[in-house]
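Containing compact mmCIF, C-alpha atoms: target19.txt.
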```
# COMPACT_ATOMS: atom_id res chain seq x y z
CA MET A 24 2.66 15.46 47.80
CA ASP A 25 1.68 15.17 44.12
CA PHE A 26 4.00 17.08 41.78
CA ARG A 27 1.88 16.49 38.68
CA THR A 28 -1.42 17.75 37.34
CA THR A 29 -3.04 14.68 35.85
CA ILE A 30 -5.67 15.25 33.18
CA ARG A 31 -8.98 13.75 34.21
CA MET A 32 -10.21 11.69 31.27
CA GLY A 33 -13.59 10.65 32.65
CA ASP A 34 -15.13 7.22 32.49
CA ASN A 35 -14.22 4.85 29.69
CA GLN A 36 -16.78 5.39 26.97
CA GLY A 37 -16.33 2.03 25.23
CA LEU A 38 -16.91 3.88 21.99
CA LEU A 39 -14.50 1.84 19.90
CA HIS A 40 -13.70 -1.82 19.41
CA HIS A 41 -10.52 -3.34 18.08
CA SER A 42 -12.45 -4.54 15.03
CA ASP A 43 -13.64 -1.02 14.15
CA ALA A 44 -12.31 1.07 11.28
CA LEU A 45 -10.90 4.55 11.88
CA LEU A 46 -9.77 7.40 9.68
CA LEU A 47 -7.29 9.96 10.99
CA ILE A 48 -6.65 13.30 9.34
CA GLY A 49 -4.70 16.42 10.25
CA SER A 50 -1.44 17.31 11.95
CA CYS A 51 1.55 14.96 12.09
CA PHE A 52 0.28 13.94 15.52
CA SER A 53 -2.29 11.97 13.50
CA ASP A 54 0.65 10.05 12.06
CA ASN A 55 1.90 9.35 15.59
CA ILE A 56 -1.37 7.84 16.79
CA GLY A 57 -1.96 6.26 13.39
CA ALA A 58 1.32 4.37 13.72
CA LYS A 59 0.10 3.00 17.06
CA LEU A 60 -3.16 1.88 15.48
CA HIS A 61 -1.24 0.23 12.64
CA SER A 62 0.90 -1.60 15.17
CA ALA A 63 -2.31 -2.81 16.79
CA MET A 64 -3.32 -4.22 13.36
CA MET A 65 -6.48 -2.15 13.18
CA GLN A 66 -8.36 -1.07 10.09
CA VAL A 67 -7.07 2.47 9.82
CA ASP A 68 -6.42 5.04 7.11
CA VAL A 69 -4.05 7.80 8.20
CA ASN A 70 -3.75 11.18 6.48
CA PRO A 71 -4.81 10.32 2.92
CA PHE A 72 -3.61 13.79 1.84
CA GLY A 73 -0.49 13.65 3.95
CA THR A 74 -0.02 16.00 6.87
CA LEU A 75 -2.59 18.82 7.05
CA PHE A 76 -2.37 21.57 9.64
CA ASN A 77 -5.12 24.17 9.39
CA PRO A 78 -8.89 23.55 9.74
CA MET A 79 -9.74 24.88 6.27
CA SER A 80 -7.42 22.43 4.50
CA ILE A 81 -8.59 19.57 6.71
CA ALA A 82 -12.25 20.35 6.03
CA GLN A 83 -11.53 20.60 2.30
CA GLY A 84 -9.77 17.23 2.43
CA VAL A 85 -12.73 15.60 4.17
CA SER A 86 -15.05 17.10 1.57
CA GLN A 87 -12.90 15.59 -1.18
CA LEU A 88 -13.03 12.18 0.51
CA ILE A 89 -16.81 12.36 0.80
CA SER A 90 -17.21 13.11 -2.90
CA GLY A 91 -14.59 10.56 -3.90
CA SER A 92 -14.05 12.49 -7.10
CA PRO A 93 -10.51 12.31 -8.52
CA ILE A 94 -8.55 15.51 -8.93
CA ALA A 95 -7.72 16.67 -12.44
CA GLY A 96 -4.25 17.07 -13.87
CA MET A 97 -4.87 20.76 -14.44
CA THR A 98 -4.86 21.32 -10.65
CA LEU A 99 -1.24 20.17 -10.37
CA PHE A 100 1.68 22.53 -10.81
CA GLN A 101 5.39 22.04 -11.30
CA GLN A 102 7.89 23.38 -8.78
CA ASN A 103 11.55 22.44 -8.37
CA GLY A 104 11.26 19.68 -10.93
CA VAL A 105 8.28 17.85 -9.38
CA TRP A 106 4.51 17.99 -9.74
CA ASN A 107 2.56 19.09 -6.71
CA SER A 108 -0.96 19.76 -5.50
CA TYR A 109 -1.81 22.50 -3.03
CA ALA A 110 -4.24 20.03 -1.40
CA PHE A 111 -1.59 17.33 -0.78
CA HIS A 112 1.58 17.03 1.24
CA SER A 113 4.87 16.88 -0.66
CA ARG A 114 5.18 13.14 0.09
CA TYR A 115 2.88 12.63 -2.89
CA SER A 116 4.81 14.88 -5.27
CA ARG A 117 6.48 13.15 -8.21
CA ALA A 118 8.75 14.07 -11.09
CA ASP A 119 6.22 12.43 -13.43
CA LYS A 120 2.87 14.21 -13.54
CA GLU A 121 0.79 11.11 -14.23
CA GLN A 122 2.45 9.24 -11.39
CA ALA A 123 1.70 12.11 -9.01
CA LEU A 124 -1.90 12.23 -10.17
CA ASP A 125 -2.26 8.46 -9.83
CA VAL A 126 -0.95 8.23 -6.27
CA MET A 127 -3.08 11.19 -5.14
CA ASN A 128 -6.28 9.81 -6.68
CA ARG A 129 -5.64 6.34 -5.27
CA HIS A 130 -5.47 7.83 -1.78
CA ILE A 131 -8.69 9.75 -2.40
CA ALA A 132 -10.45 6.56 -3.49
CA ASP A 133 -9.12 4.58 -0.53
CA GLY A 134 -10.03 7.36 1.88
CA HIS A 135 -13.53 7.61 0.40
CA ARG A 136 -14.18 3.91 1.03
CA HIS A 137 -12.73 4.10 4.51
CA LEU A 138 -14.70 7.19 5.54
CA GLN A 139 -17.87 5.58 4.27
CA SER A 140 -17.62 2.69 6.74
CA CYS A 141 -15.49 3.92 9.63
CA GLN A 142 -16.75 4.17 13.20
CA ALA A 143 -14.67 7.24 14.01
CA LEU A 144 -13.01 10.13 12.23
CA VAL A 145 -10.17 11.55 14.33
CA VAL A 146 -9.44 15.17 13.38
CA THR A 147 -6.24 16.73 14.73
CA LEU A 148 -5.97 20.49 14.26
CA GLY A 149 -2.41 21.79 14.22
CA THR A 150 -2.55 25.53 13.72
CA ALA A 151 -4.89 28.40 12.90
CA MET A 152 -2.19 30.00 10.73
CA THR A 153 -3.06 29.95 7.04
CA TYR A 154 -1.45 30.69 3.69
CA ARG A 155 -3.79 31.89 0.95
CA LEU A 156 -2.70 31.73 -2.65
CA LYS A 157 -3.05 35.31 -3.88
CA ALA A 158 -3.97 34.21 -7.40
CA THR A 159 -7.06 32.27 -6.28
CA GLY A 160 -7.71 33.15 -2.64
CA GLU A 161 -7.67 29.47 -1.63
CA VAL A 162 -6.08 28.33 1.62
CA VAL A 163 -3.34 25.86 0.72
CA ALA A 164 -2.41 22.77 2.69
CA ASN A 165 1.24 22.97 1.66
CA CYS A 166 3.26 25.75 0.04
CA HIS A 167 5.69 23.33 -1.66
CA LYS A 168 8.50 25.91 -1.44
CA VAL A 169 6.70 28.27 -3.79
CA PRO A 170 8.02 31.83 -3.18
CA GLN A 171 6.36 33.42 -0.16
CA HIS A 172 5.25 36.50 -2.10
CA GLU A 173 2.71 34.26 -3.86
CA PHE A 174 0.80 33.84 -0.58
CA GLU A 175 -1.01 35.95 1.95
CA ARG A 176 -0.24 34.77 5.45
CA GLY A 177 -2.79 35.17 8.24
CA ILE A 178 -4.51 33.61 11.21
CA ALA A 179 -8.03 32.27 10.83
CA SER A 180 -10.78 33.69 13.01
CA VAL A 181 -12.73 31.51 15.40
CA ALA A 182 -15.90 32.23 13.41
CA GLU A 183 -14.33 31.11 10.13
CA MET A 184 -12.96 27.89 11.61
CA THR A 185 -16.22 27.15 13.41
CA ARG A 186 -18.14 27.52 10.17
CA VAL A 187 -15.97 25.16 8.10
CA LEU A 188 -15.74 22.56 10.88
CA ASP A 189 -19.49 22.73 11.49
CA GLU A 190 -20.12 22.11 7.80
CA MET A 191 -17.58 19.29 7.83
CA VAL A 192 -19.26 17.48 10.74
CA THR A 193 -22.67 17.80 9.10
CA ALA A 194 -21.33 16.44 5.81
CA VAL A 195 -19.60 13.50 7.49
CA ARG A 196 -22.71 12.55 9.43
CA ASN A 197 -24.83 12.71 6.27
CA PHE A 198 -22.30 10.55 4.46
CA ASN A 199 -21.73 8.07 7.30
CA PRO A 200 -24.32 8.38 10.10
CA GLN A 201 -22.49 5.91 12.35
CA ALA A 202 -19.24 7.89 12.41
CA HIS A 203 -18.24 9.80 15.52
CA ILE A 204 -15.89 12.74 15.07
CA ILE A 205 -13.13 12.93 17.68
CA PHE A 206 -11.45 16.33 17.70
CA THR A 207 -8.07 17.00 19.20
CA VAL A 208 -5.54 19.82 19.14
CA SER A 209 -2.04 18.77 18.22
CA PRO A 210 0.49 19.01 21.08
CA ILE A 211 3.19 19.88 18.54
CA ARG A 212 4.44 23.42 19.03
CA HIS A 213 4.45 25.71 15.97
CA ILE A 214 7.22 28.05 17.10
CA ALA A 215 8.40 29.53 13.80
CA ASP A 216 6.11 32.52 14.35
CA GLY A 217 6.91 32.74 18.05
CA LEU A 218 5.43 31.17 21.16
CA ASP A 219 2.95 34.02 21.53
CA VAL A 220 1.45 33.29 18.10
CA ASN A 221 1.49 29.56 18.84
CA ALA A 222 -0.49 30.18 22.04
CA LEU A 223 -3.01 32.38 20.21
CA SER A 224 -3.36 29.81 17.44
CA LYS A 225 -3.95 26.88 19.79
CA ALA A 226 -6.46 28.92 21.82
CA ARG A 227 -8.48 29.76 18.72
CA LEU A 228 -8.51 26.13 17.63
CA ARG A 229 -9.76 25.04 21.03
CA VAL A 230 -12.56 27.63 21.08
CA ALA A 231 -13.65 26.71 17.55
CA ILE A 232 -13.81 23.02 18.47
CA ASP A 233 -15.90 23.82 21.54
CA ASP A 234 -18.29 25.91 19.46
CA VAL A 235 -18.72 23.07 16.97
CA MET A 236 -19.26 20.51 19.70
CA THR A 237 -22.09 22.54 21.22
CA ARG A 238 -23.86 22.23 17.86
CA HIS A 239 -23.20 18.49 17.48
CA THR A 240 -23.35 17.12 21.01
CA GLN A 241 -24.31 13.59 20.00
CA SER A 242 -21.67 12.99 17.34
CA THR A 243 -18.53 14.86 18.46
CA LEU A 244 -15.98 14.29 21.21
CA TYR A 245 -12.79 15.96 22.33
CA PHE A 246 -9.56 14.19 23.25
CA PRO A 247 -7.15 16.43 25.21
CA ALA A 248 -3.82 15.53 23.58
CA PHE A 249 -2.66 19.16 23.77
CA GLU A 250 -3.64 19.47 27.43
CA ILE A 251 -1.94 16.19 28.36
CA MET A 252 1.28 17.36 26.77
CA THR A 253 1.31 20.89 28.16
CA ASP A 254 -0.21 20.35 31.61
CA ASP A 255 0.32 16.70 32.57
CA LEU A 256 3.68 16.05 30.85
CA ARG A 257 4.86 19.53 31.77
CA ASP A 258 8.58 18.98 31.24
CA TYR A 259 11.02 19.31 28.34
CA ARG A 260 12.18 15.73 28.89
CA PHE A 261 8.94 14.70 27.20
CA TYR A 262 9.90 16.51 23.99
CA ALA A 263 12.12 15.28 21.19
CA ALA A 264 15.50 16.92 20.59
CA ASP A 265 13.89 19.72 18.55
CA MET A 266 11.86 20.81 21.60
CA VAL A 267 8.81 20.91 19.31
CA HIS A 268 7.56 17.36 18.82
CA PRO A 269 6.55 14.97 21.61
CA SER A 270 9.09 12.28 22.46
CA GLU A 271 8.36 8.59 21.97
CA VAL A 272 7.64 8.33 25.69
CA ALA A 273 5.10 11.15 25.47
CA ILE A 274 3.44 9.66 22.39
CA GLU A 275 3.12 6.31 24.14
CA TYR A 276 1.64 8.00 27.22
CA ILE A 277 -0.94 9.87 25.15
CA TRP A 278 -1.71 6.70 23.16
CA GLN A 279 -2.40 4.85 26.41
CA ALA A 280 -4.73 7.68 27.46
CA PHE A 281 -6.52 7.46 24.09
CA GLN A 282 -7.02 3.73 24.57
CA ALA A 283 -8.28 4.15 28.12
CA THR A 284 -10.80 6.76 26.97
CA TYR A 285 -12.35 5.15 23.91
CA PHE A 286 -11.62 1.40 23.72
CA ASP A 287 -13.50 -1.22 25.69
CA ASP A 288 -11.62 -3.67 27.92
CA ARG A 289 -11.61 -6.56 25.44
CA SER A 290 -10.19 -4.27 22.77
CA ALA A 291 -7.42 -3.13 25.10
CA GLN A 292 -6.42 -6.76 25.54
CA ALA A 293 -6.52 -7.36 21.78
CA ILE A 294 -4.43 -4.25 21.13
CA ALA A 295 -1.79 -5.35 23.62
CA ARG A 296 -1.68 -8.80 22.04
CA CYS A 297 -1.34 -7.43 18.51
CA GLU A 298 1.34 -4.97 19.57
CA ARG A 299 3.42 -7.80 20.99
CA VAL A 300 3.08 -9.74 17.75
CA SER A 301 4.00 -6.63 15.75
CA LYS A 302 7.20 -6.26 17.75
CA ARG A 303 8.02 -9.92 17.14
CA LEU A 304 7.59 -9.41 13.42
CA GLN A 305 10.10 -6.57 13.46
CA HIS A 306 12.80 -8.92 14.71
CA ARG A 307 14.90 -11.31 12.70
CA PRO A 308 16.74 -14.32 14.10
CA MET A 309 20.35 -13.45 14.99
CA SER A 310 21.69 -16.51 13.23
CA ASN A 311 22.71 -17.68 9.77
CA ASN A 312 21.79 -21.22 10.67
CA ARG A 313 19.10 -22.32 8.26
CA ASP A 314 17.34 -24.53 10.79
CA VAL A 315 17.19 -21.69 13.32
CA VAL A 316 15.77 -19.27 10.75
CA GLU A 317 13.17 -21.76 9.50
CA ARG A 318 12.10 -22.60 13.03
CA PHE A 319 11.74 -18.91 13.86
CA ASN A 320 9.64 -18.30 10.73
CA ALA A 321 7.49 -21.32 11.43
CA ASP A 322 6.90 -20.19 15.00
CA THR A 323 5.98 -16.72 13.75
CA GLN A 324 3.45 -18.13 11.29
CA ALA A 325 1.96 -20.22 14.09
CA VAL A 326 1.64 -17.10 16.25
CA LEU A 327 -0.13 -15.28 13.40
CA ARG A 328 -2.50 -18.19 12.75
CA ASN A 329 -3.40 -18.31 16.42
CA LEU A 330 -3.94 -14.56 16.43
CA LEU A 331 -6.28 -14.77 13.46
CA ARG A 332 -8.12 -17.67 15.06
CA GLU A 333 -8.70 -15.59 18.18
CA TYR A 334 -9.52 -12.39 16.28
CA PRO A 335 -10.97 -13.45 12.91
CA TYR A 336 -11.84 -9.86 11.95
CA LEU A 337 -8.10 -9.21 11.47
CA LYS A 338 -8.50 -10.59 7.96
CA ASN A 339 -10.04 -7.21 7.10
CA SER A 340 -6.97 -5.32 8.26
CA GLU A 341 -4.67 -4.17 5.47
CA GLU A 342 -1.90 -4.01 8.04
CA PHE A 343 -2.34 -7.71 8.77
CA LYS A 344 -2.67 -8.69 5.12
CA THR A 345 0.01 -6.65 3.40
CA LYS A 346 2.67 -5.83 5.94
CA TYR A 347 2.83 -9.24 7.50
CA HIS A 348 2.34 -11.29 4.35
CA THR A 349 0.28 -13.95 6.06
CA SER A 350 -1.62 -16.71 4.30
CA TYR A 351 -4.96 -17.85 5.64
```
Once you've parsed the file, please lay out its structure as structure tokens.
Amino acid sequence: MDFRTTIRMGDNQGLLHHSDALLLIGSCFSDNIGAKLHSAMMQVDVNPFGTLFNPMSIAQGVSQLISGSPIAGMTLFQQNGVWNSYAFHSRYSRADKEQALDVMNRHIADGHRHLQSCQALVVTLGTAMTYRLKATGEVVANCHKVPQHEFERGIASVAEMTRVLDEMVTAVRNFNPQAHIIFTVSPIRHIADGLDVNALSKARLRVAIDDVMTRHTQSTLYFPAFEIMTDDLRDYRFYAADMVHPSEVAIEYIWQAFQATYFDDRSAQAIARCERVSKRLQHRPMSNNRDVVERFNADTQAVLRNLLREYPYLKNSEEFKTKYHTSY
């Protein structure tokens, strides 16, 4: 007797190769999968604006990346001693205005270049709940602890989300015709407003995605991260201690499903190889003996050289170049 409902993923589409570039944007689940892609030493840009949750902010972010235009200092505001942007997550906020502006515009420029050449844009929608700034009517990506009376809270309609996502897909395809857009709904539970609102929110997101995909059948796909978490991994042991975020085991399970769905067999082998090397690079020899340390470092460099010899395209990976400090 089978006590699980396994999500049927369909045949492997072979859509992606280990050498391909990807851009991920949206909920913090994008960060989870992005970390896996980084560990696999792929060319990947993850959440250039930081974590974004609602479709309007995500679509606005993609539009900004397509234009590549820097934001102006006048769009920043000061709150609690730091400078913020309503389009960016607080991880980019700084006490110095020019520093904040610089780091935000650098991520826009990097994201613009990445989106222009990537093979896939992975869009993870987190919630349909929105906060509109009363002064301007704009939907903000982050409230930055500005008093709640400054915002109008609501839930986006399916029609509104369908419209902005439809426009986003069209703009991406015009900007980069080779890019596929992979939609997913974040499995992270937004329970602050109650489980009933969370269920309504996720349902609206799913319907909006389906509506958009019927209009762009050749360029859009759906990955069921939400369904895997709620129907396949249907147990609280697959959640972190907060009972909101997926556990490391769940993230790994969903990552394996993502690989099996979109990466060809040779890429799966390359990913596994790079992940093993990444784990090795996180370790340090448990010895103060100079000879032992030097031998370990020499062996590691040899492993990296062999890896690059087998997969020469890794020289294009920022993860390979900057994090691992290799010379080739």
Within 9 Å of stretch 186-193 of chain A, counting only C-alpha atoms, which residues show up once you throw out same-chain ones fewer than 6 positions away? Write them as a count of residues only, please. 17
What is the distance, in Å and to one decimal place, between atom CA of A:Ser290 and atom CA of A:Arg303?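 So the two atoms, atom CA of A:Ser290 and atom CA of A:Arg303, lie 19.9 Å apart.
The environment of A:Ser140 within 7 Å, counting only C-alpha atoms and disregarding residues fewer than 3 places along the same chain, consists of Arg136, His137 and Asn199 of chain A.
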As a PyMOL selection string, please: the residues near A:Leu148 (cut-off 7 Å, all atoms listed in the file, same-chain neighbours under 4 positions excluded). chain A and resi 49-50+76-78+207-209
Who sits within 6 Å of A:Leu144, all atoms listed in the file, same chain under 3 positions skipped, as a VMD selection string: chain A and resid 45 to 47 204
Quick one, how far is atom CA of A:Ile211 from atom CA of A:Val169?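 The value is 24.1 Å.
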Counting all atoms listed in the file, the residue of A:Gln122, A:Ala44, A:Asn103, A:Leu138 that sits nearest A:Ile89: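 Looking only at the distances to A:Ile89, the closest residue turns out to be A:Leu138.
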In Å, rounded to a single decimal, give me how far atom CA of A:Ile56 is from atom CA of A:Ser270.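 A separation of 12.7 Å between them.
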Kindly indicate which residue among A:Tyr259, A:Asp322, A:Ile251, A:Trp278 lies nearest to A:Thr28, using all atoms listed in the file for the distances. A:Ile251
Determine, counting only C-alpha atoms, which protein, DNA and RNA residues have an atom within 12 Å of an atom of A:Ala293; residues of the same chain fewer than 6 positions away are not included. Present the result as number ranges by chain. A: 40-42, 60, 62-65, 282, 286-287, 299-300, 330-331, 333-337
Could you list as number ranges by chain every residue that has an atom within 12 Å of (2.7, 6.8, 21.2), using the file's coordinates and counting only C-alpha atoms? A: 52-63, 248, 261, 268-282, 298
With distances taken over only C-alpha atoms, which of A:Ala110, A:Leu124, A:Ala194, A:Ile294 is nearest to A:Leu156?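 Of all the options, A:Ala110 lies closest to A:Leu156.
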Choose the residue, out of A:Val105, A:Gly134, A:Gly149, A:Met309, that has the smallest atom-to-atom separation from A:Lys120; count all atoms listed in the file.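 Among A:Val105, A:Gly134, A:Gly149, A:Met309, it is A:Val105 that comes nearest to A:Lys120.
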I'd like to know which of A:Arg176, A:Thr237, A:Pro210, A:Tyr154 is closest to A:Arg257, using all atoms listed in the file.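 The closest residue to A:Arg257 is A:Pro210.
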